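Undergrad: The structure follows.
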2 protein chains.
Amino acid sequence: MGLPLAVAAGSIAPRGENPSAVGAAPSAVGGARGKALPLNTLQLGIAGYTFLHVPVDASIEMLKRVGITNLSIKDFHLPLDSTPDKIQSVKGQFTAAGIKIYAAGVIYMKSNAEVDRAFDYAHTLGVNLIVAAPNPELLSYVEQKVKSTGIRIAIHNHGPEDKLYPSPVDVYNHVKDLDPGMGLCLDIGHAARAGADPAKIVTDYAPRIFDLHIKDLAAISRVAQPIVLGRGVLDIPGLMRALIGIRYAGVCSIEHEMDMNDPMPGVAESAGFFRGVVRTL
Amino acid sequence: MGLPLAVAAGSIAPRGENPSAVGAAPSAVGGARGKALPLNTLQLGIAGYTFLHVPVDASIEMLKRVGITNLSIKDFHLPLDSTPDKIQSVKGQFTAAGIKIYAAGVIYMKSNAEVDRAFDYAHTLGVNLIVAAPNPELLSYVEQKVKSTGIRIAIHNHGPEDKLYPSPVDVYNHVKDLDPGMGLCLDIGHAARAGADPAKIVTDYAPRIFDLHIKDLAAISRVAQPIVLGRGVLDIPGLMRALIGIRYAGVCSIEHEMDMNDPMPGVAESAGFFRGVVRTL
């Protein structure tokens with residue numbers, strides 16, 4: 001039981017999720033962490049799909065509450081055919097709340113025109129990363145766009161039942177000989193369902209790991225449902241060690257896909273779990 | 001983005017918080033944790049003061065959602081002068097939801113009659129631990145009750161402005177020569193505000209550490225407000241290592257004292273942080 005005054009929600013930023021703050025954090029009581037791993041190296045974010053049933057305003061309030069400042073925006077928050085004014089308006093809402101839109105996606109692309117539209121959208125939005133599922137026959141055209149725009153593509157693996165990219169191995173095999181701006185958004189839940197070990201994927205495909213969708217699974221099976229981070233069997237500390245090992249400079253985005261009409265508690269618990277793992281490594 | 005079906009909230013229990021489940025958890029992907037520390041040894045709980053503005057029914061729903069099954073009940077959920085029927089009724093609500101009331105408190109005691117009432121209440125409730133702040137002149141009488149009932153007392157440190165027990169050092173000095181059933185409920189936030197290092201307190205006073213109130217502080221200062229676990233400067237991994245080191249068999253109870261009209265997100269994030277730390281150690 002405590003003092004009468006309350007601290008405003010979200011007023012205290014977690015340590016270590018803003019690289020510019022490294023070195024500025026006060027010392028912890030007890031001091032030594034007893035580990036050689038570098039600190040403050042993994043950034044937390046959120047995948048926009050989390051907000052399938054949550055409007056922009058409420059999503060912003062949720063992100064402020066849980067202290068997450070990196071967003072990969074999904075098209076239901078900002079349609080792909082939005083006018084430049086609309087794009088700037090929605091971006092402005094997030095920016096005003098201290099939230100950086102670092103990527104857009106997942107964006108499906110079934111024609112050259114849809115590829116063009118996605119790159120124009122990303123350009124206007126000011127992001128240099130598109131999380132995508134382009135039809136494989138379009139990859140050569142996508143590569144041209146990556147080269148001409150400097151915007152990178154992170155192809156998203158979507159699990160064993162997906163026709164395009166069931167496993168991160170499939171994504172890698174498609175991009176390994178293409179421009180180095182073409183890589184993976186590793187979805188660790190779908191990866192594990194497809195039989196891949198996320199930590200091994202990170203290590204093996206290090207230069208191509210551009211983005212992550214993090215979640216957990218109650219069991220390793222093809223049909224396992226995604227659950228709150230830390231409630232399941234995925235080895236999240238092992239994954240984070242692998243990410244630190246490759247000096248991963250991207251974002252680890254929670255993609256929360258249960259209780260989607262009320263995602264706050266699950267997102268908050270997942271964010272806490274991520275922070276607990278990172279603080280302890 | 002994922003599969004269409006949702007997993008029901010709270011249907012997946014976190015690993016490691018129920019000692020009886022040790023050994024039954026499926027293996028993690030990636031396997032090796034690379035640490036010698038024992039796993040699954042720290043139990044998560046919640047201090048009832050968290051629910052200052054939340055009725056019993058809503059508190060139960062929150063606990064189910066965040067997967068916390070250990071409660072130290074506070075008197076606003078069950079008044080100290082409740083009839084035995086009322087005590088059994090409220091206990092039954094929690095039990096039916098899978099929540100164990102492992103302690104009661106914080107209970108203040110200013111007279112022998114209040115000591116008697118607290119022990120009677122605990123006995124009827126079926127708990128063997130009272131988290132308490134008895135007036136120091138009553139400690140001899142409290143010790144008699146501990147001896148005669150077998151119910152232990154965990155005295156709660158309440159910070160530098162408290163007249164009775166500002167620091168865990170004060171608590172320890174009061175109980176160190178008394179019955180071994182008299183010990184501490186270490187409130188780590190109030191301890192740090194009073195200049196104590198929680199991990200050192202745990203190690204130094206190991207046999208007397210009966211319960212914990214865990215939280216965080218934005219800074220180490222006398223007037224720092226309690227915040228979400230992991231958002232502040234307290235060395236929670238170091239504390240957990242110390243607890244594992246002493247083979248702590250009690251509960252680590254989140255006491256969430258901000259946003260008390262809407263504690264769910266903070267409780268969920270704190271629970272996630274605890275689980276992330278414990279999983280990573």
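Residue numbers start at 1 in each chain; chains themselves are named A, B, ... in the order of the structure tokens; ligands are numbered from 1 in the order shown.
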Excluding Glu269 of chain B and any residue of its chain fewer than 2 positions from it, enumerate the residues within 6 Å of it, using only C-alpha atoms, and give them as number ranges by chain.
TA: A: 268-269, 272; B: 266-267, 271-272
Undergrad: Take the residues that were just selected and, keeping all heavy atoms, output them as an mmCIF file, in the first residue's frame.
TA:
```cif
data_model
loop_
_atom_site.group_PDB
_atom_site.id
_atom_site.type_symbol
_atom_site.label_atom_id
_atom_site.label_comp_id
_atom_site.auth_asym_id
_atom_site.auth_seq_id
_atom_site.Cartn_x
_atom_site.Cartn_y
_atom_site.Cartn_z
ATOM 1 N N ALA A 268 -0.394 -5.409 -23.147
ATOM 2 C CA ALA A 268 0.384 -4.933 -21.991
ATOM 3 C C ALA A 268 1.215 -6.069 -21.398
ATOM 4 O O ALA A 268 2.399 -5.894 -21.101
ATOM 5 C CB ALA A 268 -0.559 -4.363 -20.928
ATOM 6 N N GLU A 269 0.607 -7.242 -21.259
ATOM 7 C CA GLU A 269 1.359 -8.366 -20.691
ATOM 8 C C GLU A 269 2.508 -8.772 -21.616
ATOM 9 O O GLU A 269 3.620 -9.058 -21.159
ATOM 10 C CB GLU A 269 0.424 -9.552 -20.429
ATOM 11 C CG GLU A 269 1.123 -10.685 -19.702
ATOM 12 C CD GLU A 269 0.205 -11.867 -19.426
ATOM 13 O OE1 GLU A 269 -1.011 -11.658 -19.241
ATOM 14 O OE2 GLU A 269 0.715 -13.008 -19.401
ATOM 15 N N GLY A 272 5.253 -6.264 -21.288
ATOM 16 C CA GLY A 272 5.961 -6.500 -20.041
ATOM 17 C C GLY A 272 6.899 -7.693 -20.147
ATOM 18 O O GLY A 272 8.044 -7.641 -19.691
ATOM 19 N N GLY B 266 -1.764 -2.064 -16.230
ATOM 20 C CA GLY B 266 -0.541 -2.054 -15.438
ATOM 21 C C GLY B 266 -0.280 -3.382 -14.758
ATOM 22 O O GLY B 266 0.867 -3.841 -14.682
ATOM 23 N N VAL B 267 -1.337 -4.014 -14.262
ATOM 24 C CA VAL B 267 -1.174 -5.333 -13.643
ATOM 25 C C VAL B 267 -0.709 -6.343 -14.691
ATOM 26 O O VAL B 267 0.201 -7.148 -14.452
ATOM 27 C CB VAL B 267 -2.490 -5.795 -12.987
ATOM 28 C CG1 VAL B 267 -2.411 -7.266 -12.582
ATOM 29 C CG2 VAL B 267 -2.817 -4.927 -11.776
ATOM 30 N N ALA B 271 2.774 -8.301 -14.616
ATOM 31 C CA ALA B 271 2.803 -9.765 -14.626
ATOM 32 C C ALA B 271 3.685 -10.270 -15.770
ATOM 33 O O ALA B 271 4.486 -11.196 -15.599
ATOM 34 C CB ALA B 271 1.391 -10.332 -14.751
ATOM 35 N N GLY B 272 3.540 -9.654 -16.935
ATOM 36 C CA GLY B 272 4.384 -10.043 -18.062
ATOM 37 C C GLY B 272 5.847 -9.826 -17.753
ATOM 38 O O GLY B 272 6.693 -10.688 -18.050
#
```
Undergrad: Skip Gly181 of chain B itself and residues of its chain fewer than 5 positions away, then list as a list in words all residues within 8 Å of it, counting only C-alpha atoms.
TA: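 Non-adjacent residues within range: Val146, Lys147, Gly150, Ile151, Arg152, Ile153 and Arg208 of chain B.
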Undergrad: For segment 127-240 of chain A against segment 256-264 of chain A, with a cut-off of 12 Å and counting only C-alpha atoms, what is the closest atom pair and its distance in Å to one decimal for every residue that makes the cut, ordered by chain and number, as CSV?
TA:
```
residue,atom,partner,partner_atom,distance
A:Asp187,CA,A:His256,CA,11.6
A:Gly189,CA,A:Glu257,CA,10.7
A:His213,CA,A:His256,CA,9.1
A:Ile214,CA,A:His256,CA,8.2
A:Lys215,CA,A:His256,CA,6.6
A:Asp216,CA,A:His256,CA,9.2
A:Leu217,CA,A:Glu257,CA,11.0
A:Gln225,CA,A:Met258,CA,8.3
A:Pro226,CA,A:Glu257,CA,6.2
A:Ile227,CA,A:Met258,CA,6.2
A:Val228,CA,A:His256,CA,7.0
A:Leu229,CA,A:His256,CA,8.6
```
Undergrad: Which of these residues is nearest to Lys64 of chain A, using only C-alpha atoms: B:Arg247, B:Pro265, B:Glu143, B:Val277?
TA: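 Under the stated criterion, the closest residue is B:Pro265.
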Undergrad: Which neighbours of Asp204 of chain B fall inside 12 Å, counting only C-alpha atoms, when residues of the same chain fewer than 5 positions from it are skipped, and could you give them as a count of residues only?
TA: 13
Undergrad: Taking the chain letters and numbering used in this document, name the residues of segment 23-217 of chain A that DSSP puts in alpha helix (DSSP H), as a PyMOL selection string.
TA: chain A and resi 56-66+84-96+112-125+139-149+168-175+188-193+198-204
Undergrad: Identify which of the residues B:His174, B:Lys100, B:Lys145, B:Lys91 lies closest to Asp116 of chain B, counting only C-alpha atoms when measuring atom-to-atom distances.
TA: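 Of all the options, B:Lys145 lies closest to Asp116 of chain B.
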Undergrad: I need the residues in segment 111-246 of chain B that are strand (DSSP E or B) according to DSSP; give them as a list in words.
TA: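 These are the residues in question: Leu129, Ile130, Val131, Ala132, Ala133, Pro134, Arg152, Ile153, Ala154, Ile155, His156, Met182, Gly183, Leu184, Cys185, Leu186, Asp187, Ile209, Phe210, Asp211, Leu212, His213, Ile214, Asp216, Leu217, Pro226 and Ile227 of chain B.
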Undergrad: Near Tyr121 of chain A, within 10 Å and counting only C-alpha atoms, which residues show up once chain neighbours fewer than 3 positions away are dropped, as a list in words?
TA: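 Near neighbours after the sequence-gap exclusion: Leu78, Pro79, Leu80, Asp81, Ser82, Thr83, Pro84, Ile87, Ala104, Val115, Asp116, Arg117, Ala118, Thr124, Leu125, Gly126, Val127 and Ile130 of chain A.
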Undergrad: Write a file of the selected residues as a short mmCIF file (atom, residue, chain, number, x, y, z; two decimals), in the first residue's frame, keeping N, CA, C and O atoms.
TA:
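The resulting file, result.cif, is shown below:
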```cif
data_model
loop_
_atom_site.label_atom_id
_atom_site.label_comp_id
_atom_site.auth_asym_id
_atom_site.auth_seq_id
_atom_site.Cartn_x
_atom_site.Cartn_y
_atom_site.Cartn_z
N LEU A 78 -5.19 2.93 -42.31
CA LEU A 78 -4.81 3.89 -43.35
C LEU A 78 -4.86 3.14 -44.69
O LEU A 78 -3.87 2.51 -45.09
N PRO A 79 -6.00 3.23 -45.38
CA PRO A 79 -6.15 2.45 -46.62
C PRO A 79 -5.06 2.76 -47.64
O PRO A 79 -4.55 3.88 -47.71
N LEU A 80 -4.74 1.74 -48.43
CA LEU A 80 -3.65 1.87 -49.41
C LEU A 80 -3.96 2.90 -50.49
O LEU A 80 -3.04 3.43 -51.12
N ASP A 81 -5.24 3.17 -50.72
CA ASP A 81 -5.61 4.16 -51.74
C ASP A 81 -5.87 5.54 -51.14
O ASP A 81 -6.52 6.39 -51.76
N SER A 82 -5.35 5.78 -49.95
CA SER A 82 -5.56 7.08 -49.30
C SER A 82 -4.88 8.20 -50.09
O SER A 82 -3.83 8.00 -50.71
N THR A 83 -5.48 9.38 -50.04
CA THR A 83 -4.84 10.55 -50.64
C THR A 83 -3.63 10.93 -49.80
O THR A 83 -3.54 10.60 -48.61
N PRO A 84 -2.68 11.64 -50.41
CA PRO A 84 -1.53 12.14 -49.62
C PRO A 84 -1.97 12.94 -48.40
O PRO A 84 -1.37 12.81 -47.33
N ILE A 87 -2.97 10.50 -45.76
CA ILE A 87 -1.79 9.83 -45.21
C ILE A 87 -1.08 10.74 -44.20
O ILE A 87 -0.73 10.32 -43.09
N ALA A 104 4.99 -0.27 -42.94
CA ALA A 104 3.58 -0.46 -43.31
C ALA A 104 3.40 -1.91 -43.73
O ALA A 104 4.26 -2.49 -44.40
N VAL A 115 1.98 -3.29 -56.67
CA VAL A 115 3.35 -3.03 -56.21
C VAL A 115 3.61 -1.52 -56.23
O VAL A 115 4.10 -0.93 -55.26
N ASP A 116 3.26 -0.91 -57.36
CA ASP A 116 3.46 0.55 -57.47
C ASP A 116 2.72 1.29 -56.36
O ASP A 116 3.27 2.20 -55.73
N ARG A 117 1.48 0.90 -56.16
CA ARG A 117 0.67 1.57 -55.15
C ARG A 117 1.31 1.46 -53.77
O ARG A 117 1.35 2.43 -52.99
N ALA A 118 1.83 0.27 -53.45
CA ALA A 118 2.44 0.06 -52.13
C ALA A 118 3.68 0.94 -51.94
O ALA A 118 3.88 1.54 -50.88
N THR A 124 5.02 8.20 -49.56
CA THR A 124 4.25 9.34 -49.03
C THR A 124 4.20 9.28 -47.50
O THR A 124 4.29 10.30 -46.82
N LEU A 125 4.11 8.07 -46.99
CA LEU A 125 4.06 7.89 -45.53
C LEU A 125 5.42 8.15 -44.88
O LEU A 125 5.50 8.42 -43.68
N GLY A 126 6.47 8.06 -45.69
CA GLY A 126 7.80 8.33 -45.16
C GLY A 126 8.43 7.15 -44.44
O GLY A 126 9.27 7.33 -43.56
N VAL A 127 8.01 5.94 -44.79
CA VAL A 127 8.65 4.76 -44.19
C VAL A 127 9.58 4.12 -45.21
O VAL A 127 9.33 4.18 -46.42
N ILE A 130 8.54 -1.89 -46.12
CA ILE A 130 7.20 -2.42 -46.38
C ILE A 130 7.19 -3.88 -45.96
O ILE A 130 8.04 -4.66 -46.42
#
```
Undergrad: List the neighbours of segment 95-97 of chain B out to 10 Å using only C-alpha atoms; skip same-chain residues closer than 2 positions along the sequence, and give me the result as a PyMOL selection string.
TA: chain B and resi 60-61+63-64+69+88-93+99-101
Undergrad: Please write the residues from the selection above to a file, keeping all heavy atoms, as a tab-separated table (two decimals), in the first residue's frame.
TA:
```
chain	number	residue	atom	x	y	z
B	60	ILE	N	-11.80	-10.58	-9.68
B	60	ILE	CA	-11.66	-11.99	-10.09
B	60	ILE	C	-11.51	-12.08	-11.61
B	60	ILE	O	-10.65	-12.81	-12.12
B	60	ILE	CB	-12.86	-12.81	-9.59
B	60	ILE	CG1	-12.75	-13.00	-8.06
B	60	ILE	CG2	-12.94	-14.16	-10.30
B	60	ILE	CD1	-13.97	-13.66	-7.43
B	61	GLU	N	-12.32	-11.32	-12.33
B	61	GLU	CA	-12.20	-11.36	-13.80
B	61	GLU	C	-10.82	-10.90	-14.24
B	61	GLU	O	-10.23	-11.45	-15.17
B	61	GLU	CB	-13.29	-10.50	-14.45
B	61	GLU	CG	-14.68	-11.12	-14.35
B	61	GLU	CD	-14.70	-12.59	-14.79
B	61	GLU	OE1	-14.27	-12.87	-15.92
B	61	GLU	OE2	-15.11	-13.44	-13.99
B	63	LEU	N	-7.99	-11.06	-12.52
B	63	LEU	CA	-7.00	-12.07	-12.17
B	63	LEU	C	-7.05	-13.24	-13.15
B	63	LEU	O	-6.00	-13.78	-13.56
B	63	LEU	CB	-7.20	-12.55	-10.74
B	63	LEU	CG	-6.87	-11.49	-9.67
B	63	LEU	CD1	-7.24	-11.99	-8.27
B	63	LEU	CD2	-5.38	-11.13	-9.72
B	64	LYS	N	-8.26	-13.62	-13.55
B	64	LYS	CA	-8.37	-14.70	-14.54
B	64	LYS	C	-7.72	-14.27	-15.86
B	64	LYS	O	-7.02	-15.04	-16.50
B	64	LYS	CB	-9.84	-15.06	-14.77
B	64	LYS	CG	-10.46	-15.81	-13.59
B	64	LYS	CD	-11.97	-15.90	-13.65
B	64	LYS	CE	-12.48	-16.72	-14.79
B	64	LYS	NZ	-13.97	-16.83	-14.75
B	69	THR	N	-3.01	-16.44	-9.79
B	69	THR	CA	-3.85	-17.34	-9.00
B	69	THR	C	-3.57	-17.26	-7.49
B	69	THR	O	-4.12	-18.06	-6.73
B	69	THR	CB	-3.67	-18.80	-9.46
B	69	THR	OG1	-2.28	-19.14	-9.35
B	69	THR	CG2	-4.12	-18.98	-10.90
B	88	GLN	N	-16.55	-17.27	4.36
B	88	GLN	CA	-16.58	-18.46	3.50
B	88	GLN	C	-17.15	-18.13	2.13
B	88	GLN	O	-16.74	-18.69	1.10
B	88	GLN	CB	-17.39	-19.59	4.15
B	88	GLN	CG	-16.75	-20.16	5.41
B	88	GLN	CD	-15.29	-20.56	5.24
B	88	GLN	OE1	-14.86	-20.96	4.16
B	88	GLN	NE2	-14.50	-20.42	6.30
B	89	SER	N	-18.10	-17.22	2.11
B	89	SER	CA	-18.74	-16.86	0.84
B	89	SER	C	-17.76	-16.17	-0.09
B	89	SER	O	-17.64	-16.52	-1.27
B	89	SER	CB	-19.95	-15.95	1.13
B	89	SER	OG	-20.39	-15.34	-0.05
B	90	VAL	N	-17.04	-15.18	0.44
B	90	VAL	CA	-16.07	-14.45	-0.41
B	90	VAL	C	-14.92	-15.38	-0.81
B	90	VAL	O	-14.49	-15.40	-1.96
B	90	VAL	CB	-15.56	-13.19	0.32
B	90	VAL	CG1	-14.42	-12.55	-0.46
B	90	VAL	CG2	-16.71	-12.20	0.50
B	91	LYS	N	-14.45	-16.15	0.15
B	91	LYS	CA	-13.39	-17.12	-0.17
B	91	LYS	C	-13.85	-18.05	-1.29
B	91	LYS	O	-13.08	-18.36	-2.21
B	91	LYS	CB	-13.02	-17.91	1.08
B	91	LYS	CG	-11.94	-18.96	0.82
B	91	LYS	CD	-11.60	-19.75	2.08
B	91	LYS	CE	-10.52	-20.80	1.79
B	91	LYS	NZ	-10.16	-21.55	3.00
B	92	GLY	N	-15.11	-18.47	-1.19
B	92	GLY	CA	-15.65	-19.38	-2.20
B	92	GLY	C	-15.67	-18.76	-3.59
B	92	GLY	O	-15.46	-19.45	-4.59
B	93	GLN	N	-15.92	-17.45	-3.67
B	93	GLN	CA	-15.90	-16.79	-4.98
B	93	GLN	C	-14.53	-16.91	-5.63
B	93	GLN	O	-14.41	-17.19	-6.82
B	93	GLN	CB	-16.26	-15.30	-4.83
B	93	GLN	CG	-17.72	-15.01	-4.60
B	93	GLN	CD	-17.95	-13.51	-4.53
B	93	GLN	OE1	-17.95	-12.93	-3.46
B	93	GLN	NE2	-18.11	-12.88	-5.68
B	99	ILE	N	-8.55	-19.14	-7.75
B	99	ILE	CA	-7.64	-18.20	-7.08
B	99	ILE	C	-7.49	-18.59	-5.62
B	99	ILE	O	-8.48	-18.72	-4.89
B	99	ILE	CB	-8.17	-16.76	-7.20
B	99	ILE	CG1	-8.22	-16.36	-8.68
B	99	ILE	CG2	-7.29	-15.79	-6.40
B	99	ILE	CD1	-9.14	-15.20	-8.97
B	100	LYS	N	-6.24	-18.77	-5.20
B	100	LYS	CA	-5.97	-19.13	-3.81
B	100	LYS	C	-5.69	-17.88	-2.99
B	100	LYS	O	-4.82	-17.07	-3.35
B	100	LYS	CB	-4.74	-20.05	-3.76
B	100	LYS	CG	-4.33	-20.43	-2.35
B	100	LYS	CD	-3.07	-21.29	-2.33
B	100	LYS	CE	-2.68	-21.61	-0.89
B	100	LYS	NZ	-1.46	-22.44	-0.84
B	101	ILE	N	-6.42	-17.71	-1.91
B	101	ILE	CA	-6.10	-16.64	-0.96
B	101	ILE	C	-5.02	-17.20	-0.04
B	101	ILE	O	-5.27	-18.09	0.76
B	101	ILE	CB	-7.34	-16.21	-0.16
B	101	ILE	CG1	-8.44	-15.71	-1.11
B	101	ILE	CG2	-6.98	-15.12	0.84
B	101	ILE	CD1	-9.76	-15.37	-0.42
```
Undergrad: Compare B:Arg279, B:His158, B:His123, B:His77 by their minimum atom-to-atom distance to Asp57 of chain B, counting only C-alpha atoms, and give me the closest one.
TA: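 Going through B:Arg279, B:His158, B:His123, B:His77 one by one, the smallest distance to Asp57 of chain B is for B:His77.
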Undergrad: Would you mind telling me which residue in A:Thr41, A:Asn173, A:Thr50, A:Ser111 lies nearest to chain B when using only C-alpha atoms?
TA: A:Thr50
Undergrad: Please measure the separation of atom CA of Gly98 of chain A and atom CA of Ser59 of chain A, giving the value in Å to one decimal.
TA: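 Result for atom CA of Gly98 of chain A versus atom CA of Ser59 of chain A: 12.8 Å, one decimal.
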